[in-house]
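Novice: My structure file target.json, JSON, C-alpha atoms and all ligand atoms, is below:
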```json
[["chain", "number", "residue", "atom", "x", "y", "z"],
["X", 1, "MET", "CA", 10.84, -15.42, -7.03],
["X", 2, "PRO", "CA", 7.74, -13.16, -7.12],
["X", 3, "LEU", "CA", 8.17, -9.38, -7.19],
["X", 4, "LEU", "CA", 6.32, -7.21, -4.65],
["X", 5, "ALA", "CA", 6.04, -3.51, -5.52],
["X", 6, "ILE", "CA", 5.33, -1.22, -2.57],
["X", 7, "VAL", "CA", 3.92, 2.05, -3.90],
["X", 8, "TYR", "CA", 3.57, 4.75, -1.28],
["X", 9, "PHE", "CA", 3.54, 8.44, -0.50],
["X", 10, "SER", "CA", 4.96, 9.89, 2.72],
["X", 11, "ILE", "CA", 6.00, 13.35, 3.83],
["X", 12, "THR", "CA", 6.98, 13.04, 7.49],
["X", 13, "GLY", "CA", 8.13, 9.41, 7.27],
["X", 14, "THR", "CA", 5.43, 7.40, 9.07],
["X", 15, "THR", "CA", 4.01, 5.73, 5.97],
["X", 16, "GLU", "CA", 7.59, 5.18, 4.84],
["X", 17, "LYS", "CA", 8.33, 3.26, 8.06],
["X", 18, "LEU", "CA", 5.31, 1.06, 7.34],
["X", 19, "ALA", "CA", 6.48, 0.55, 3.73],
["X", 20, "HIS", "CA", 9.89, -0.60, 4.96],
["X", 21, "ALA", "CA", 8.25, -2.97, 7.45],
["X", 22, "VAL", "CA", 6.09, -4.46, 4.67],
["X", 23, "ALA", "CA", 9.30, -4.90, 2.66],
["X", 24, "ARG", "CA", 11.06, -6.65, 5.57],
["X", 25, "GLY", "CA", 8.18, -9.09, 5.93],
["X", 26, "ALA", "CA", 8.18, -9.94, 2.21],
["X", 27, "ASP", "CA", 11.92, -10.10, 1.87],
["X", 28, "ASP", "CA", 12.44, -13.83, 2.13],
["X", 29, "PRO", "CA", 9.79, -15.22, -0.21],
["X", 30, "ALA", "CA", 9.86, -12.27, -2.67],
["X", 31, "ASP", "CA", 11.96, -9.60, -4.37],
["X", 32, "VAL", "CA", 10.82, -6.16, -3.26],
["X", 33, "ALA", "CA", 10.71, -2.83, -5.13],
["X", 34, "LEU", "CA", 10.12, 0.20, -2.90],
["X", 35, "CYS", "CA", 8.43, 2.87, -5.04],
["X", 36, "ARG", "CA", 8.07, 6.20, -3.23],
["X", 37, "ILE", "CA", 5.81, 8.73, -4.93],
["X", 38, "THR", "CA", 7.33, 12.21, -4.69],
["X", 39, "GLY", "CA", 6.04, 15.68, -5.49],
["X", 40, "ASP", "CA", 8.50, 15.83, -8.42],
["X", 41, "ASP", "CA", 6.64, 12.92, -10.05],
["X", 42, "ILE", "CA", 3.70, 15.27, -10.53],
["X", 43, "VAL", "CA", 4.01, 17.84, -13.30],
["X", 44, "SER", "CA", 1.16, 20.29, -13.94],
["X", 45, "GLY", "CA", -1.04, 18.13, -11.73],
["X", 46, "ARG", "CA", -0.30, 14.88, -13.59],
["X", 47, "PHE", "CA", 1.74, 11.94, -12.29],
["X", 48, "GLN", "CA", 4.48, 11.34, -14.85],
["X", 49, "ASN", "CA", 6.82, 8.70, -13.44],
["X", 50, "GLU", "CA", 6.51, 6.04, -16.13],
["X", 51, "ARG", "CA", 9.32, 3.95, -14.59],
["X", 52, "LEU", "CA", 7.30, 3.51, -11.41],
["X", 53, "LEU", "CA", 4.27, 2.36, -13.44],
["X", 54, "GLU", "CA", 6.48, -0.08, -15.36],
["X", 55, "THR", "CA", 7.71, -1.55, -12.06],
["X", 56, "ILE", "CA", 4.11, -2.37, -11.21],
["X", 57, "ASP", "CA", 3.68, -3.89, -14.69],
["X", 58, "ARG", "CA", 6.38, -6.39, -13.75],
["X", 59, "ALA", "CA", 5.18, -7.04, -10.18],
["X", 60, "ASP", "CA", 3.21, -10.07, -9.02],
["X", 61, "ALA", "CA", 1.86, -8.24, -5.97],
["X", 62, "VAL", "CA", 1.41, -4.57, -5.05],
["X", 63, "ALA", "CA", 1.03, -2.87, -1.67],
["X", 64, "PHE", "CA", -0.55, 0.59, -1.80],
["X", 65, "GLY", "CA", 0.37, 3.02, 1.01],
["X", 66, "SER", "CA", -0.61, 6.58, 1.84],
["X", 67, "PRO", "CA", -1.26, 8.65, 4.94],
["X", 68, "THR", "CA", -4.90, 9.45, 5.45],
["X", 69, "TYR", "CA", -5.37, 13.09, 4.49],
["X", 70, "ILE", "CA", -8.78, 14.67, 5.14],
["X", 71, "GLY", "CA", -10.44, 11.28, 5.24],
["X", 72, "GLY", "CA", -8.85, 9.73, 2.15],
["X", 73, "PRO", "CA", -5.57, 9.04, 0.34],
["X", 74, "ALA", "CA", -3.19, 11.96, -0.19],
["X", 75, "ALA", "CA", -3.64, 13.85, -3.46],
["X", 76, "GLN", "CA", -0.16, 12.71, -4.58],
["X", 77, "PHE", "CA", -1.24, 9.07, -4.28],
["X", 78, "LYS", "CA", -4.45, 9.83, -6.17],
["X", 79, "ALA", "CA", -2.41, 11.43, -8.96],
["X", 80, "PHE", "CA", -0.50, 8.14, -9.28],
["X", 81, "ALA", "CA", -3.77, 6.17, -9.31],
["X", 82, "ASP", "CA", -5.24, 8.43, -12.00],
["X", 83, "ALA", "CA", -2.14, 7.89, -14.14],
["X", 84, "SER", "CA", -2.84, 4.14, -14.09],
["X", 85, "SER", "CA", -5.94, 4.60, -16.25],
["X", 86, "ASP", "CA", -4.20, 3.51, -19.49],
["X", 87, "ARG", "CA", -3.31, 0.23, -17.77],
["X", 88, "TRP", "CA", -6.90, 0.00, -16.54],
["X", 89, "THR", "CA", -8.20, 0.16, -20.14],
["X", 90, "GLN", "CA", -6.22, -2.96, -21.00],
["X", 91, "GLN", "CA", -6.58, -4.54, -17.51],
["X", 92, "ARG", "CA", -2.81, -4.93, -17.53],
["X", 93, "TRP", "CA", -2.64, -5.33, -13.76],
["X", 94, "ALA", "CA", -5.41, -7.96, -13.59],
["X", 95, "ASN", "CA", -4.83, -10.91, -11.25],
["X", 96, "LYS", "CA", -1.95, -9.33, -9.36],
["X", 97, "ILE", "CA", -2.41, -9.56, -5.59],
["X", 98, "ALA", "CA", -3.02, -6.18, -3.89],
["X", 99, "ALA", "CA", -3.13, -4.88, -0.32],
["X", 100, "GLY", "CA", -3.08, -1.51, 1.42],
["X", 101, "PHE", "CA", -1.75, 0.34, 4.47],
["X", 102, "THR", "CA", -2.36, 3.76, 5.91],
["X", 103, "THR", "CA", -1.76, 5.89, 8.97],
["X", 104, "GLY", "CA", -3.27, 8.93, 10.62],
["X", 105, "ALA", "CA", -2.95, 11.23, 13.59],
["X", 106, "CYS", "CA", -6.14, 9.86, 15.20],
["X", 107, "ALA", "CA", -7.29, 6.33, 16.08],
["X", 108, "GLY", "CA", -10.59, 6.93, 14.33],
["X", 109, "GLY", "CA", -9.23, 9.31, 11.69],
["X", 110, "ASP", "CA", -11.21, 7.83, 8.76],
["X", 111, "GLN", "CA", -8.34, 5.51, 7.76],
["X", 112, "LEU", "CA", -10.99, 2.99, 6.63],
["X", 113, "HIS", "CA", -11.92, 5.30, 3.79],
["X", 114, "THR", "CA", -8.33, 5.28, 2.51],
["X", 115, "LEU", "CA", -8.24, 1.47, 2.66],
["X", 116, "THR", "CA", -11.62, 1.27, 0.93],
["X", 117, "TYR", "CA", -10.24, 3.52, -1.80],
["X", 118, "PHE", "CA", -7.21, 1.20, -2.23],
["X", 119, "SER", "CA", -9.47, -1.85, -2.51],
["X", 120, "ILE", "CA", -11.63, -0.13, -5.14],
["X", 121, "LEU", "CA", -8.49, 0.87, -7.05],
["X", 122, "ALA", "CA", -7.47, -2.79, -6.99],
["X", 123, "ALA", "CA", -10.94, -3.88, -8.14],
["X", 124, "GLN", "CA", -10.86, -1.36, -10.99],
["X", 125, "HIS", "CA", -7.69, -3.07, -12.19],
["X", 126, "GLY", "CA", -9.02, -6.62, -11.76],
["X", 127, "MET", "CA", -6.51, -7.25, -8.97],
["X", 128, "LEU", "CA", -7.12, -9.76, -6.16],
["X", 129, "TRP", "CA", -7.50, -8.07, -2.76],
["X", 130, "CYS", "CA", -5.54, -9.37, 0.23],
["X", 131, "GLY", "CA", -6.84, -8.26, 3.62],
["X", 132, "LEU", "CA", -5.47, -8.91, 7.08],
["X", 133, "ASP", "CA", -6.30, -12.32, 8.52],
["X", 134, "ILE", "CA", -5.53, -11.29, 12.11],
["X", 135, "PRO", "CA", -8.70, -10.91, 14.19],
["X", 136, "GLY", "CA", -8.58, -7.48, 15.83],
["X", 137, "GLY", "CA", -8.00, -7.60, 19.59],
["X", 138, "GLU", "CA", -7.25, -11.33, 19.56],
["X", 139, "ASP", "CA", -3.58, -11.51, 18.63],
["X", 140, "PRO", "CA", -1.31, -12.24, 21.64],
["X", 141, "GLY", "CA", 1.35, -9.96, 20.10],
["X", 142, "GLY", "CA", -1.11, -7.10, 19.68],
["X", 143, "ARG", "CA", -1.00, -7.03, 15.88],
["X", 144, "ASN", "CA", -3.92, -5.45, 14.06],
["X", 145, "ARG", "CA", -4.29, -3.15, 17.05],
["X", 146, "LEU", "CA", -7.11, -1.12, 15.51],
["X", 147, "GLY", "CA", -9.05, -4.18, 14.31],
["X", 148, "SER", "CA", -8.93, -3.33, 10.62],
["X", 149, "GLN", "CA", -9.41, -6.43, 8.45],
["X", 150, "LEU", "CA", -9.51, -4.68, 5.07],
["X", 151, "GLY", "CA", -5.88, -3.65, 5.39],
["X", 152, "LEU", "CA", -3.41, -2.11, 7.81],
["X", 153, "ALA", "CA", -4.72, 0.98, 9.62],
["X", 154, "THR", "CA", -2.41, 2.65, 12.14],
["X", 155, "HIS", "CA", -2.17, 5.86, 14.08],
["X", 156, "LEU", "CA", 0.51, 7.73, 15.99],
["X", 157, "VAL", "CA", 0.64, 7.18, 19.74],
["X", 158, "ASP", "CA", 2.60, 9.91, 21.55],
["X", 159, "GLY", "CA", 3.95, 10.96, 18.17],
["X", 160, "ALA", "CA", 5.29, 7.53, 17.16],
["X", 161, "LEU", "CA", 4.14, 4.31, 15.56],
["X", 162, "PRO", "CA", 3.67, 1.46, 18.08],
["X", 163, "GLN", "CA", 5.89, -1.54, 17.45],
["X", 164, "SER", "CA", 2.77, -3.69, 17.07],
["X", 165, "ASP", "CA", 1.82, -1.67, 13.97],
["X", 166, "LEU", "CA", 5.25, -2.28, 12.45],
["X", 167, "ASN", "CA", 4.88, -5.98, 13.28],
["X", 168, "THR", "CA", 1.48, -5.98, 11.55],
["X", 169, "ALA", "CA", 3.06, -4.34, 8.50],
["X", 170, "GLU", "CA", 5.74, -7.05, 8.40],
["X", 171, "TYR", "CA", 3.05, -9.69, 8.61],
["X", 172, "LEU", "CA", 1.10, -8.10, 5.75],
["X", 173, "GLY", "CA", 4.24, -8.11, 3.60],
["X", 174, "GLN", "CA", 4.84, -11.75, 4.37],
["X", 175, "ARG", "CA", 1.23, -12.67, 3.55],
["X", 176, "LEU", "CA", 1.37, -10.76, 0.26],
["X", 177, "ALA", "CA", 4.60, -12.45, -0.75],
["X", 178, "LYS", "CA", 3.26, -15.92, 0.06],
["X", 179, "LEU", "CA", 0.04, -15.32, -1.86],
["X", 180, "ALA", "CA", 1.99, -13.94, -4.83],
["X", 181, "LYS", "CA", 4.12, -17.08, -4.84],
["X", 182, "ARG", "CA", 1.04, -19.30, -4.72],
["X", 183, "ASN", "CA", -0.65, -17.25, -7.45],
["X", 184, "GLY", "CA", 2.40, -17.35, -9.78],
["X", 201, "LIG", "C1", -3.32, 17.67, 5.00],
["X", 201, "LIG", "C2", -3.39, 16.66, 6.10],
["X", 201, "LIG", "C3", -4.58, 16.00, 6.34],
["X", 201, "LIG", "C4", -4.67, 15.04, 7.36],
["X", 201, "LIG", "N1", -5.86, 14.39, 7.54],
["X", 201, "LIG", "C5", -5.93, 13.41, 8.47],
["X", 201, "LIG", "C6", -7.14, 12.68, 8.65],
["X", 201, "LIG", "O1", -8.15, 12.87, 7.96],
["X", 201, "LIG", "N2", -7.17, 11.72, 9.62],
["X", 201, "LIG", "C7", -6.09, 11.47, 10.43],
["X", 201, "LIG", "O2", -6.18, 10.61, 11.30],
["X", 201, "LIG", "N3", -4.91, 12.13, 10.25],
["X", 201, "LIG", "C8", -4.80, 13.08, 9.29],
["X", 201, "LIG", "N4", -3.61, 13.72, 9.07],
["X", 201, "LIG", "C9", -2.41, 13.28, 9.82],
["X", 201, "LIG", "C10", -1.49, 12.39, 8.95],
["X", 201, "LIG", "O3", -2.20, 11.28, 8.42],
["X", 201, "LIG", "C11", -0.33, 11.87, 9.80],
["X", 201, "LIG", "O4", 0.42, 12.97, 10.24],
["X", 201, "LIG", "C12", 0.55, 10.88, 9.09],
["X", 201, "LIG", "O5", 1.43, 10.29, 10.03],
["X", 201, "LIG", "C13", 1.39, 11.49, 8.00],
["X", 201, "LIG", "O6", 2.04, 10.46, 7.27],
["X", 201, "LIG", "P1", 3.54, 10.57, 6.78],
["X", 201, "LIG", "O7", 4.42, 10.70, 8.01],
["X", 201, "LIG", "O8", 3.79, 9.29, 6.05],
["X", 201, "LIG", "O9", 3.68, 11.77, 5.87],
["X", 201, "LIG", "C14", -3.53, 14.72, 8.12],
["X", 201, "LIG", "C15", -2.32, 15.41, 7.88],
["X", 201, "LIG", "C16", -2.24, 16.35, 6.88],
["X", 201, "LIG", "C17", -0.93, 17.05, 6.62]]
```
Could you spell out this file's structure in structure tokens?

Specialist:
Amino acid sequence: MPLLAIVYFSITGTTEKLAHAVARGADDPADVALCRITGDDIVSGRFQNERLLETIDRADAVAFGSPTYIGGPAAQFKAFADASSDRWTQQRWANKIAAGFTTGACAGGDQLHTLTYFSILAAQHGMLWCGLDIPGGEDPGGRNRLGSQLGLATHLVDGALPQSDLNTAEYLGQRLAKLAKRNG
């Protein structure tokens, strides 16, 4: 069974809800490791949770998640990404499947920049990027509501995540798990 690692940062719980939905979607065809980045992982500005990095070493697929903060990933997520540079030197994460998800307060809150960052992080590591194959505005169930094909972009509506965003997250998890199985 392939292993999907879901690496995410969340303060007020929205990104965490998406992470759990990705996990639900992947659950059948894959084992899932939920890896939440916390402030305590960062000591003197450096991400120091080696166990989390080792979980990714073992994973076949990785989902990156962060809220969009000031038009990009949260600093805590970036600290994790910077700590992956030793792995980058050896391309230890090459050929793992990767995808990304983010959320924001606004519909057009520059979430694309966060997803673009995730895809470049994946490219730096030689990972294989998995986007969303749901055409925006075409899905009868309303998935991929914001029409983001690079990855899952969401935003809060009346202070909450729409169910269609959680359904999209489940779909992304399922797609990642299937691709990881095929790639294994
Ligand atoms: C420091 C900060 C910067 C933010 N910047 C943006 C932004 O650029 N675009 C946006 O749409 N929302 C922005 N937000 C809103 C968050 O993305 C939103 O509240 C999100 O749901 C938080 O995720 P979480 O619940 O997983 O912590 C910002 C929030 C904070 C605290």

Novice: I'd like to know which of X:Ser44, X:Thr55, X:Gln76, X:Gln111 is closest to ligand LIG 201 (chain X), using all atoms listed in the file.

Specialist: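 When distances to ligand LIG 201 (chain X) are compared using all atoms listed in the file, the smallest one comes from X:Gln111.
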
Novice: Nearest to ligand LIG 201 (chain X) among X:Gly126, X:Gly25, X:Gly159, X:Gly100, with distances taken over all atoms listed in the file: which residue is it?

Specialist: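 Of the candidates, the smallest distance to ligand LIG 201 (chain X) is held by X:Gly159.
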
Novice: Skipping near chain neighbours, those fewer than 2 positions away, what residues fall within 10 Å of X:Gly109 using all atoms listed in the file, listed as a list of chain:residue names?

Specialist: X:Thr68, X:Tyr69, X:Ile70, X:Gly71, X:Gly72, X:Thr103, X:Gly104, X:Ala105, X:Cys106, X:Ala107, X:Gln111, X:Leu112, X:His113, X:Ala153, X:Thr154, X:His155

Novice: Could you give me, as a VMD selection string, the residues within 10 Å of X:Phe64, counting only C-alpha atoms and dropping anything in the same chain fewer than 5 positions from it?

Specialist: chain X and resid 5 to 9 19 35 77 81 98 to 102 115 118 to 119 121 to 122 151

Novice: Counting all atoms listed in the file, which of X:Ala169, X:Ala74, X:Leu146, X:Leu53 gets nearest to ligand LIG 201 (chain X)?

Specialist: X:Ala74

Novice: Please check which residues have atoms at most 9 Å from (-9.4, 4.5, -9.7) in the file's coordinates, counting all atoms listed in the file, and write them as a ChimeraX atom specification.

Specialist: /X:78,81-82,84-85,88,117-118,120-125

Novice: Save N, CA, C and O atoms of stretch 117-141 of chain X from the block above as an mmCIF file, in the first residue's frame.

Specialist:
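As a result, part.cif now contains:
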```
data_model
loop_
_atom_site.group_PDB
_atom_site.id
_atom_site.type_symbol
_atom_site.label_atom_id
_atom_site.label_comp_id
_atom_site.auth_asym_id
_atom_site.auth_seq_id
_atom_site.Cartn_x
_atom_site.Cartn_y
_atom_site.Cartn_z
ATOM 1 N N TYR X 117 4.050 28.221 -5.581
ATOM 2 C CA TYR X 117 5.210 27.941 -4.716
ATOM 3 C C TYR X 117 5.320 26.429 -4.443
ATOM 4 O O TYR X 117 6.408 25.845 -4.539
ATOM 5 N N PHE X 118 4.196 25.787 -4.106
ATOM 6 C CA PHE X 118 4.230 24.340 -3.834
ATOM 7 C C PHE X 118 4.760 23.573 -5.053
ATOM 8 O O PHE X 118 5.534 22.629 -4.922
ATOM 9 N N SER X 119 4.312 23.974 -6.238
ATOM 10 C CA SER X 119 4.725 23.223 -7.439
ATOM 11 C C SER X 119 6.221 23.434 -7.717
ATOM 12 O O SER X 119 6.908 22.528 -8.177
ATOM 13 N N ILE X 120 6.724 24.627 -7.406
ATOM 14 C CA ILE X 120 8.169 24.857 -7.581
ATOM 15 C C ILE X 120 8.960 24.069 -6.533
ATOM 16 O O ILE X 120 10.004 23.476 -6.837
ATOM 17 N N LEU X 121 8.432 24.024 -5.309
ATOM 18 C CA LEU X 121 9.075 23.201 -4.272
ATOM 19 C C LEU X 121 9.181 21.750 -4.755
ATOM 20 O O LEU X 121 10.237 21.108 -4.631
ATOM 21 N N ALA X 122 8.075 21.255 -5.324
ATOM 22 C CA ALA X 122 8.080 19.881 -5.845
ATOM 23 C C ALA X 122 9.107 19.733 -6.975
ATOM 24 O O ALA X 122 9.864 18.757 -7.023
ATOM 25 N N ALA X 123 9.159 20.704 -7.867
ATOM 26 C CA ALA X 123 10.102 20.636 -8.986
ATOM 27 C C ALA X 123 11.550 20.665 -8.488
ATOM 28 O O ALA X 123 12.413 19.948 -8.999
ATOM 29 N N GLN X 124 11.799 21.476 -7.464
ATOM 30 C CA GLN X 124 13.151 21.535 -6.890
ATOM 31 C C GLN X 124 13.595 20.146 -6.430
ATOM 32 O O GLN X 124 14.755 19.783 -6.532
ATOM 33 N N HIS X 125 12.621 19.386 -5.920
ATOM 34 C CA HIS X 125 12.936 18.060 -5.387
ATOM 35 C C HIS X 125 12.816 16.957 -6.442
ATOM 36 O O HIS X 125 12.954 15.782 -6.098
ATOM 37 N N GLY X 126 12.527 17.310 -7.676
ATOM 38 C CA GLY X 126 12.382 16.271 -8.714
ATOM 39 C C GLY X 126 11.123 15.459 -8.556
ATOM 40 O O GLY X 126 11.018 14.335 -9.053
ATOM 41 N N MET X 127 10.123 16.027 -7.832
ATOM 42 C CA MET X 127 8.861 15.310 -7.640
ATOM 43 C C MET X 127 7.970 15.507 -8.874
ATOM 44 O O MET X 127 8.210 16.393 -9.693
ATOM 45 N N LEU X 128 6.935 14.667 -8.969
ATOM 46 C CA LEU X 128 6.023 14.708 -10.129
ATOM 47 C C LEU X 128 4.733 15.396 -9.685
ATOM 48 O O LEU X 128 4.051 14.902 -8.774
ATOM 49 N N TRP X 129 4.399 16.516 -10.313
ATOM 50 C CA TRP X 129 3.269 17.331 -9.863
ATOM 51 C C TRP X 129 1.932 16.757 -10.315
ATOM 52 O O TRP X 129 1.746 16.386 -11.468
ATOM 53 N N CYS X 130 0.990 16.731 -9.392
ATOM 54 C CA CYS X 130 -0.367 16.242 -9.662
ATOM 55 C C CYS X 130 -1.344 17.407 -9.470
ATOM 56 O O CYS X 130 -1.527 17.886 -8.351
ATOM 57 N N GLY X 131 -1.928 17.880 -10.549
ATOM 58 C CA GLY X 131 -2.913 18.950 -10.458
ATOM 59 C C GLY X 131 -4.309 18.387 -10.279
ATOM 60 O O GLY X 131 -4.496 17.215 -9.956
ATOM 61 N N LEU X 132 -5.285 19.248 -10.480
ATOM 62 C CA LEU X 132 -6.688 18.842 -10.364
ATOM 63 C C LEU X 132 -7.256 18.653 -11.765
ATOM 64 O O LEU X 132 -7.256 19.599 -12.557
ATOM 65 N N ASP X 133 -7.754 17.471 -12.041
ATOM 66 C CA ASP X 133 -8.320 17.223 -13.379
ATOM 67 C C ASP X 133 -9.841 17.392 -13.368
ATOM 68 O O ASP X 133 -10.567 16.602 -13.970
ATOM 69 N N ILE X 134 -10.302 18.420 -12.670
ATOM 70 C CA ILE X 134 -11.741 18.767 -12.690
ATOM 71 C C ILE X 134 -11.850 20.146 -13.335
ATOM 72 O O ILE X 134 -11.388 21.136 -12.758
ATOM 73 N N PRO X 135 -12.450 20.225 -14.536
ATOM 74 C CA PRO X 135 -12.576 21.542 -15.166
ATOM 75 C C PRO X 135 -13.426 22.487 -14.307
ATOM 76 O O PRO X 135 -14.534 22.146 -13.907
ATOM 77 N N GLY X 136 -12.858 23.653 -14.007
ATOM 78 C CA GLY X 136 -13.561 24.615 -13.148
ATOM 79 C C GLY X 136 -14.911 25.023 -13.738
ATOM 80 O O GLY X 136 -15.024 25.279 -14.930
ATOM 81 N N GLY X 137 -15.940 25.023 -12.921
ATOM 82 C CA GLY X 137 -17.266 25.449 -13.358
ATOM 83 C C GLY X 137 -18.029 24.411 -14.155
ATOM 84 O O GLY X 137 -19.153 24.672 -14.606
ATOM 85 N N GLU X 138 -17.467 23.217 -14.314
ATOM 86 C CA GLU X 138 -18.109 22.201 -15.153
ATOM 87 C C GLU X 138 -18.595 21.002 -14.349
ATOM 88 O O GLU X 138 -19.326 20.169 -14.860
ATOM 89 N N ASP X 139 -18.153 20.889 -13.115
ATOM 90 C CA ASP X 139 -18.477 19.692 -12.350
ATOM 91 C C ASP X 139 -19.901 19.789 -11.794
ATOM 92 O O ASP X 139 -20.248 20.785 -11.142
ATOM 93 N N PRO X 140 -20.758 18.781 -12.040
ATOM 94 C CA PRO X 140 -22.144 18.854 -11.553
ATOM 95 C C PRO X 140 -22.205 19.006 -10.031
ATOM 96 O O PRO X 140 -23.132 19.614 -9.497
ATOM 97 N N GLY X 141 -21.217 18.466 -9.321
ATOM 98 C CA GLY X 141 -21.199 18.560 -7.857
ATOM 99 C C GLY X 141 -20.551 19.837 -7.341
ATOM 100 O O GLY X 141 -20.436 20.022 -6.132
#
```
